[in-house]
$ cat upload_11.cif   # mmCIF, C-alpha atoms
data_structure
loop_
_atom_site.group_PDB
_atom_site.id
_atom_site.type_symbol
_atom_site.label_atom_id
_atom_site.label_comp_id
_atom_site.auth_asym_id
_atom_site.auth_seq_id
_atom_site.Cartn_x
_atom_site.Cartn_y
_atom_site.Cartn_z
ATOM 1 C CA MET I 1 -21.187 -1.870 5.307
ATOM 2 C CA ALA I 2 -19.136 -5.002 4.569
ATOM 3 C CA ASP I 3 -22.044 -6.457 2.617
ATOM 4 C CA THR I 4 -22.145 -3.373 0.401
ATOM 5 C CA ALA I 5 -18.399 -3.531 -0.265
ATOM 6 C CA ASP I 6 -18.745 -7.239 -0.971
ATOM 7 C CA THR I 7 -21.394 -6.547 -3.566
ATOM 8 C CA LEU I 8 -19.598 -3.573 -5.125
ATOM 9 C CA ASP I 9 -16.207 -5.203 -5.534
ATOM 10 C CA ARG I 10 -17.172 -8.528 -7.066
ATOM 11 C CA SER I 11 -15.824 -8.383 -10.594
ATOM 12 C CA GLY I 12 -17.555 -11.255 -12.323
ATOM 13 C CA PRO I 13 -18.708 -14.832 -12.013
ATOM 14 C CA GLN I 14 -17.429 -16.511 -8.880
ATOM 15 C CA PRO I 15 -16.593 -20.154 -8.385
ATOM 16 C CA PRO I 16 -19.381 -22.144 -6.722
ATOM 17 C CA ALA I 17 -19.450 -21.763 -2.938
ATOM 18 C CA ASP I 18 -18.582 -25.441 -2.484
ATOM 19 C CA VAL I 19 -15.235 -25.066 -4.317
ATOM 20 C CA PRO I 20 -12.611 -24.810 -1.567
ATOM 21 C CA PRO I 21 -10.101 -21.975 -1.815
ATOM 22 C CA THR I 22 -6.592 -22.871 -2.935
ATOM 23 C CA GLY I 23 -3.265 -21.059 -3.232
ATOM 24 C CA GLU I 24 -3.344 -17.362 -2.517
ATOM 25 C CA VAL I 25 -7.119 -17.380 -2.037
ATOM 26 C CA ALA I 26 -6.674 -19.910 0.761
ATOM 27 C CA VAL I 27 -4.055 -17.641 2.359
ATOM 28 C CA LEU I 28 -6.470 -14.688 2.160
ATOM 29 C CA ALA I 29 -9.295 -16.711 3.691
ATOM 30 C CA SER I 30 -6.955 -17.843 6.498
ATOM 31 C CA VAL I 31 -5.791 -14.284 7.230
ATOM 32 C CA GLN I 32 -9.359 -13.057 7.320
ATOM 33 C CA GLY I 33 -10.391 -15.968 9.539
ATOM 34 C CA ALA I 34 -7.575 -15.289 11.996
ATOM 35 C CA LEU I 35 -7.573 -11.470 11.995
ATOM 36 C CA GLY I 36 -10.940 -10.378 10.617
ATOM 37 C CA CYS I 37 -12.489 -9.144 13.877
ATOM 38 C CA ASP I 38 -14.331 -5.818 13.889
ATOM 39 C CA ALA I 39 -11.519 -3.873 15.571
ATOM 40 C CA THR I 40 -8.883 -5.121 13.128
ATOM 41 C CA VAL I 41 -11.093 -4.375 10.146
ATOM 42 C CA ARG I 42 -11.701 -0.818 11.429
ATOM 43 C CA VAL I 43 -7.949 -0.229 11.755
ATOM 44 C CA ALA I 44 -7.332 -1.742 8.310
ATOM 45 C CA ARG I 45 -9.995 0.513 6.790
ATOM 46 C CA GLY I 46 -8.378 3.544 8.422
ATOM 47 C CA MET I 47 -5.004 2.541 6.990
ATOM 48 C CA SER I 48 -6.628 2.056 3.598
ATOM 49 C CA LEU I 49 -8.074 5.563 3.711
ATOM 50 C CA PHE I 50 -4.737 7.056 4.836
ATOM 51 C CA GLY I 51 -2.852 5.308 2.017
ATOM 52 C CA GLU I 52 -5.399 5.931 -0.747
ATOM 53 C CA HIS I 53 -3.588 7.543 -3.691
ATOM 54 C CA ALA I 54 -0.581 7.855 -1.308
ATOM 55 C CA ALA I 55 -2.279 10.978 0.114
ATOM 56 C CA GLY I 56 -1.311 10.413 3.741
ATOM 57 C CA TRP I 57 2.316 9.738 2.832
ATOM 58 C CA LEU I 58 2.489 12.790 0.586
ATOM 59 C CA ALA I 59 1.057 14.930 3.395
ATOM 60 C CA ILE I 60 3.769 13.674 5.751
ATOM 61 C CA GLY I 61 6.415 14.664 3.187
ATOM 62 C CA VAL I 62 4.997 18.174 2.925
ATOM 63 C CA VAL I 63 4.806 18.515 6.723
ATOM 64 C CA GLY I 64 8.396 17.260 6.988
ATOM 65 C CA ALA I 65 9.491 19.908 4.481
ATOM 66 C CA ALA I 66 7.687 22.621 6.434
ATOM 67 C CA LEU I 67 9.106 21.583 9.806
ATOM 68 C CA ASP I 68 12.646 20.608 8.769
ATOM 69 C CA ARG I 69 13.595 23.658 6.715
ATOM 70 C CA PRO I 70 17.323 22.827 6.500
ATOM 71 C CA ARG I 71 16.413 19.584 4.686
ATOM 72 C CA ARG I 72 13.358 20.857 2.863
ATOM 73 C CA ARG I 73 14.710 19.764 -0.503
ATOM 74 C CA GLU I 74 15.273 16.207 0.755
ATOM 75 C CA TRP I 75 11.743 16.008 2.159
ATOM 76 C CA LEU I 76 10.172 17.311 -1.039
ATOM 77 C CA GLY I 77 12.336 15.032 -3.171
ATOM 78 C CA SER I 78 11.302 12.104 -0.998
ATOM 79 C CA ALA I 79 7.621 13.021 -1.303
ATOM 80 C CA ALA I 80 8.032 13.253 -5.088
ATOM 81 C CA ALA I 81 9.605 9.786 -5.075
ATOM 82 C CA VAL I 82 6.650 8.419 -3.070
ATOM 83 C CA ALA I 83 4.338 9.875 -5.732
ATOM 84 C CA LEU I 84 6.510 8.328 -8.447
ATOM 85 C CA ALA I 85 6.379 4.916 -6.742
ATOM 86 C CA HIS I 86 2.595 5.161 -6.489
ATOM 87 C CA GLY I 87 2.343 6.140 -10.159
ATOM 88 C CA ALA I 88 4.612 3.266 -11.183
ATOM 89 C CA SER I 89 2.373 0.784 -9.385
ATOM 90 C CA ILE I 90 -0.688 2.140 -11.173
ATOM 91 C CA GLY I 91 1.106 1.911 -14.525
ATOM 92 C CA ILE I 92 2.024 -1.714 -13.860
ATOM 93 C CA LYS I 93 -1.573 -2.471 -12.820
ATOM 94 C CA ARG I 94 -2.838 -1.162 -16.143
ATOM 95 C CA VAL I 95 -0.406 -3.372 -18.045
ATOM 96 C CA VAL I 96 -0.812 -6.571 -15.988
ATOM 97 C CA ARG I 97 -4.590 -6.188 -15.427
ATOM 98 C CA ARG I 98 -4.841 -8.822 -12.683
ATOM 99 C CA ARG I 99 -8.302 -8.789 -11.144
ATOM 100 C CA ARG I 100 -8.790 -8.411 -7.407
ATOM 101 C CA PRO I 101 -9.651 -11.493 -5.329
ATOM 102 C CA ASP I 102 -13.045 -12.894 -6.260
ATOM 103 C CA HIS I 103 -13.969 -16.050 -4.359
ATOM 104 C CA PRO I 104 -16.851 -16.754 -1.965
ATOM 105 C CA ALA I 105 -14.305 -17.572 0.773
ATOM 106 C CA VAL I 106 -12.899 -14.012 0.659
ATOM 107 C CA ARG I 107 -14.871 -11.095 2.064
ATOM 108 C CA VAL I 108 -14.169 -7.746 0.405
ATOM 109 C CA LEU I 109 -14.386 -5.260 3.264
ATOM 110 C CA VAL I 110 -13.530 -1.931 1.628
ATOM 111 C CA GLY I 111 -14.211 -0.196 -1.668
ATOM 112 C CA THR I 112 -11.368 0.279 -4.144
ATOM 113 C CA PRO I 113 -10.767 2.841 -6.913
ATOM 114 C CA SER I 114 -10.286 0.080 -9.477
ATOM 115 C CA ARG I 115 -10.731 -3.640 -9.871
ATOM 116 C CA LEU I 116 -7.044 -4.110 -10.671
ATOM 117 C CA SER I 117 -4.878 -5.807 -8.100
ATOM 118 C CA PHE I 118 -1.220 -6.252 -9.082
ATOM 119 C CA PRO I 119 0.778 -4.718 -7.486
ATOM 120 C CA SER I 120 -0.669 -3.154 -4.351
ATOM 121 C CA SER I 121 -0.288 0.611 -4.633
ATOM 122 C CA HIS I 122 -0.770 0.926 -0.865
ATOM 123 C CA ALA I 123 2.171 -1.410 -0.231
ATOM 124 C CA THR I 124 4.248 0.391 -2.863
ATOM 125 C CA SER I 125 3.781 3.917 -1.530
ATOM 126 C CA THR I 126 4.016 2.827 2.111
ATOM 127 C CA THR I 127 7.348 1.097 1.509
ATOM 128 C CA ALA I 128 8.715 4.044 -0.456
ATOM 129 C CA ALA I 129 7.666 6.414 2.347
ATOM 130 C CA ALA I 130 9.150 4.151 5.028
ATOM 131 C CA VAL I 131 12.514 3.950 3.272
ATOM 132 C CA LEU I 132 12.734 7.625 2.371
ATOM 133 C CA TYR I 133 11.199 9.265 5.425
ATOM 134 C CA GLY I 134 12.835 6.704 7.695
ATOM 135 C CA GLY I 135 16.182 7.768 6.272
ATOM 136 C CA LEU I 136 15.407 11.393 7.048
ATOM 137 C CA LEU I 137 14.126 10.697 10.552
ATOM 138 C CA GLY I 138 17.081 8.548 11.562
ATOM 139 C CA ARG I 139 17.802 5.144 12.977
ATOM 140 C CA ARG I 140 15.236 5.258 15.764
ATOM 141 C CA SER I 141 12.392 5.547 13.271
ATOM 142 C CA ARG I 142 13.351 2.415 11.331
ATOM 143 C CA PRO I 143 11.511 -0.142 13.510
ATOM 144 C CA VAL I 144 8.362 1.978 13.244
ATOM 145 C CA ALA I 145 8.816 2.273 9.473
ATOM 146 C CA VAL I 146 9.270 -1.488 9.063
ATOM 147 C CA ALA I 147 6.230 -2.166 11.254
ATOM 148 C CA GLY I 148 4.192 0.318 9.198
ATOM 149 C CA VAL I 149 5.048 -1.486 5.970
ATOM 150 C CA GLY I 150 4.097 -4.842 7.467
ATOM 151 C CA LEU I 151 0.840 -3.529 8.882
ATOM 152 C CA MET I 152 -0.176 -1.857 5.613
ATOM 153 C CA ALA I 153 0.599 -5.022 3.650
ATOM 154 C CA LEU I 154 -1.354 -7.151 6.118
ATOM 155 C CA SER I 155 -4.276 -4.707 6.053
ATOM 156 C CA ARG I 156 -4.704 -5.290 2.324
ATOM 157 C CA LEU I 157 -5.135 -9.012 2.996
ATOM 158 C CA VAL I 158 -7.469 -8.476 5.960
ATOM 159 C CA LEU I 159 -9.662 -6.307 3.735
ATOM 160 C CA GLY I 160 -9.675 -8.957 0.987
ATOM 161 C CA VAL I 161 -8.573 -6.601 -1.780
ATOM 162 C CA HIS I 162 -5.141 -8.027 -2.644
ATOM 163 C CA TYR I 163 -3.399 -11.345 -3.058
ATOM 164 C CA PRO I 164 -0.194 -11.919 -1.057
ATOM 165 C CA THR I 165 1.914 -11.586 -4.235
ATOM 166 C CA ASP I 166 0.316 -8.178 -4.883
ATOM 167 C CA VAL I 167 1.564 -6.810 -1.568
ATOM 168 C CA ALA I 168 4.952 -8.543 -1.821
ATOM 169 C CA THR I 169 5.527 -7.084 -5.290
ATOM 170 C CA GLY I 170 4.279 -3.657 -4.197
ATOM 171 C CA THR I 171 6.705 -3.721 -1.288
ATOM 172 C CA ALA I 172 9.603 -4.656 -3.590
ATOM 173 C CA LEU I 173 8.642 -1.960 -6.104
ATOM 174 C CA GLY I 174 8.398 0.702 -3.390
ATOM 175 C CA ALA I 175 11.795 -0.297 -2.007
ATOM 176 C CA ALA I 176 13.387 -0.196 -5.471
ATOM 177 C CA VAL I 177 12.012 3.257 -6.299
ATOM 178 C CA ALA I 178 12.959 4.579 -2.859
ATOM 179 C CA GLY I 179 16.475 3.129 -3.042
ATOM 180 C CA THR I 180 17.082 4.797 -6.386
ATOM 181 C CA ALA I 181 15.587 8.067 -5.164
ATOM 182 C CA ARG I 182 17.763 8.063 -2.028
ATOM 183 C CA ARG I 183 20.886 7.761 -4.165
ATOM 184 C CA VAL I 184 19.786 10.661 -6.362
ATOM 185 C CA ILE I 185 18.777 12.838 -3.395
ATOM 186 C CA SER I 186 21.995 12.097 -1.469
ATOM 187 C CA ARG I 187 24.102 13.189 -4.483
ATOM 188 C CA ASN I 188 22.459 16.613 -4.300
ATOM 189 C CA PRO I 189 21.871 17.336 -0.594
ATOM 190 C CA THR I 190 20.649 20.683 0.639
ATOM 191 C CA THR I 191 23.518 23.110 1.067
ATOM 192 C CA GLY I 192 23.112 26.046 3.352
ATOM 193 C CA GLY I 193 19.854 27.044 4.988
#
$ encode --input "upload_11.cif" --output "structure tokens"
Amino acid sequence: MADTADTLDRSGPQPPADVPPTGEVAVLASVQGALGCDATVRVARGMSLFGEHAAGWLAIGVVGAALDRPRRREWLGSAAAVALAHGASIGIKRVVRRRRPDHPAVRVLVGTPSRLSFPSSHATSTTAAAVLYGGLLGRRSRPVAVAGVGLMALSRLVLGVHYPTDVATGTALGAAVAGTARRVISRNPTTGG
């Protein structure tokens, strides 16, 4: 399966195999060397599937709205902001047009919907969901939310589909969208039941 993804995701001519990786490619190769065991890759692929098009995060927002009826508006507004963050990352990708990692030292271990890399939409939507849903779930959920962001960002490196700056920028973008959305949502909280 990894060989197929490797073949499918290569976007063009690669540097010769004897050219050592440098910069962010070297970081990717190091992460994959340290964490690229079968079990880790399986978990990373599962996270990738969950975060694809922000679908898992949007589903959590809808479930939150269904279960927490007094704050239904806040949950739906938060889910809409997660969708907005995801859409913003895709818009930026189409403008920047940075290609995904493409070096013999990096194994691409999952398929992607596009060959564009910057910023990571998975990191963007995960961060937005962590900030927004974490705020709704309370203080005890924050360590889990922070860990989820870190794990999703790391999974993108383990899978070889993003550079470190892609996930860092996606995380910053998700936090910015979520911070703005929280201010808007908190100005208009649900009143009554």
$ atom_distance --input "upload_11.cif" --atom1 "CA of Arg107 (chain I)" --atom2 "CA of Val161 (chain I)"
8.6 Å
$ axis_aligned_box --input "upload_11.cif" --around "region 97-108 of chain I" --padding-each-side "6 Å" --output "lines of an AutoDock Vina configuration file"
center_x = -10.7
center_y = -11.9
center_z = -6.7
size_x = 24.3
size_y = 23.4
size_z = 29.5
$ atom_distance --input "upload_11.cif" --atom1 "CA of Gly179 (chain I)" --atom2 "CA of Ala128 (chain I)"
8.2 Å
$ resolve_selection --input "upload_11.cif" --expression "the PyMOL selection byres ((chain I and resi 135) around 12)" --output "PyMOL selection string"
chain I and resi 71+74-75+78+128-134+136-146+178-179+181-183+185-186
$ resolve_selection --input "upload_11.cif" --expression "the PyMOL selection byres ((chain I and resi 156) around 10)" --output "list in words"
Leu28, Ala44, Arg45, Met47, Ser48, Val108, Leu109, Val110, Ser120, His122, Ala123, Leu151, Met152, Ala153, Leu154, Ser155, Leu157, Val158, Leu159, Gly160, Val161, His162, Tyr163, Pro164, Asp166 and Val167 of chain I
$ write_last_selection --input "upload_11.cif" --atoms "C-alpha atoms" --output "PDB file, in the coordinates of the input"
ATOM      1  CA  LEU I  28      -6.470 -14.688   2.160  1.00  0.00           C
ATOM      2  CA  ALA I  44      -7.332  -1.742   8.310  1.00  0.00           C
ATOM      3  CA  ARG I  45      -9.995   0.513   6.790  1.00  0.00           C
ATOM      4  CA  MET I  47      -5.004   2.541   6.990  1.00  0.00           C
ATOM      5  CA  SER I  48      -6.628   2.056   3.598  1.00  0.00           C
ATOM      6  CA  VAL I 108     -14.169  -7.746   0.405  1.00  0.00           C
ATOM      7  CA  LEU I 109     -14.386  -5.260   3.264  1.00  0.00           C
ATOM      8  CA  VAL I 110     -13.530  -1.931   1.628  1.00  0.00           C
ATOM      9  CA  SER I 120      -0.669  -3.154  -4.351  1.00  0.00           C
ATOM     10  CA  HIS I 122      -0.770   0.926  -0.865  1.00  0.00           C
ATOM     11  CA  ALA I 123       2.171  -1.410  -0.231  1.00  0.00           C
ATOM     12  CA  LEU I 151       0.840  -3.529   8.882  1.00  0.00           C
ATOM     13  CA  MET I 152      -0.176  -1.857   5.613  1.00  0.00           C
ATOM     14  CA  ALA I 153       0.599  -5.022   3.650  1.00  0.00           C
ATOM     15  CA  LEU I 154      -1.354  -7.151   6.118  1.00  0.00           C
ATOM     16  CA  SER I 155      -4.276  -4.707   6.053  1.00  0.00           C
ATOM     17  CA  LEU I 157      -5.135  -9.012   2.996  1.00  0.00           C
ATOM     18  CA  VAL I 158      -7.469  -8.476   5.960  1.00  0.00           C
ATOM     19  CA  LEU I 159      -9.662  -6.307   3.735  1.00  0.00           C
ATOM     20  CA  GLY I 160      -9.675  -8.957   0.987  1.00  0.00           C
ATOM     21  CA  VAL I 161      -8.573  -6.601  -1.780  1.00  0.00           C
ATOM     22  CA  HIS I 162      -5.141  -8.027  -2.644  1.00  0.00           C
ATOM     23  CA  TYR I 163      -3.399 -11.345  -3.058  1.00  0.00           C
ATOM     24  CA  PRO I 164      -0.194 -11.919  -1.057  1.00  0.00           C
ATOM     25  CA  ASP I 166       0.316  -8.178  -4.883  1.00  0.00           C
ATOM     26  CA  VAL I 167       1.564  -6.810  -1.568  1.00  0.00           C
TER      27      VAL I 167
END
$ closest_residue --input "upload_11.cif" --among "I:Pro104, I:Gly174, I:Pro20, I:Pro113" --to "Leu49 (chain I)" --atoms "only C-alpha atoms"
I:Pro113
$ atom_distance --input "upload_11.cif" --atom1 "CA of Pro21 (chain I)" --atom2 "CA of Ser89 (chain I)"
27.0 Å
$ closest_residue --input "upload_11.cif" --among "I:His103, I:Thr169, I:Phe50, I:Thr127" --to "Ala81 (chain I)" --atoms "all atoms listed in the file"
I:Thr127
$ resolve_selection --input "upload_11.cif" --expression "the PyMOL selection byres ((chain I and resi 99) around 9)" --output "NGL selection string"
:I and (11 or 97-98 or 100-102 or 115-118)
$ closest_residue --input "upload_11.cif" --among "I:Gly23, I:Gly111, I:Pro70, I:Gly51" --to "Ser125 (chain I)" --atoms "only C-alpha atoms"
I:Gly51
$ closest_residue --input "upload_11.cif" --among "I:Val106, I:Gly148, I:Ala175, I:Gly56" --to "Ala29 (chain I)" --atoms "all atoms listed in the file"
I:Val106
$ closest_residue --input "upload_11.cif" --among "I:Val19, I:Arg69, I:Ala105, I:Val184" --to "Gly33 (chain I)" --atoms "all atoms listed in the file"
I:Ala105
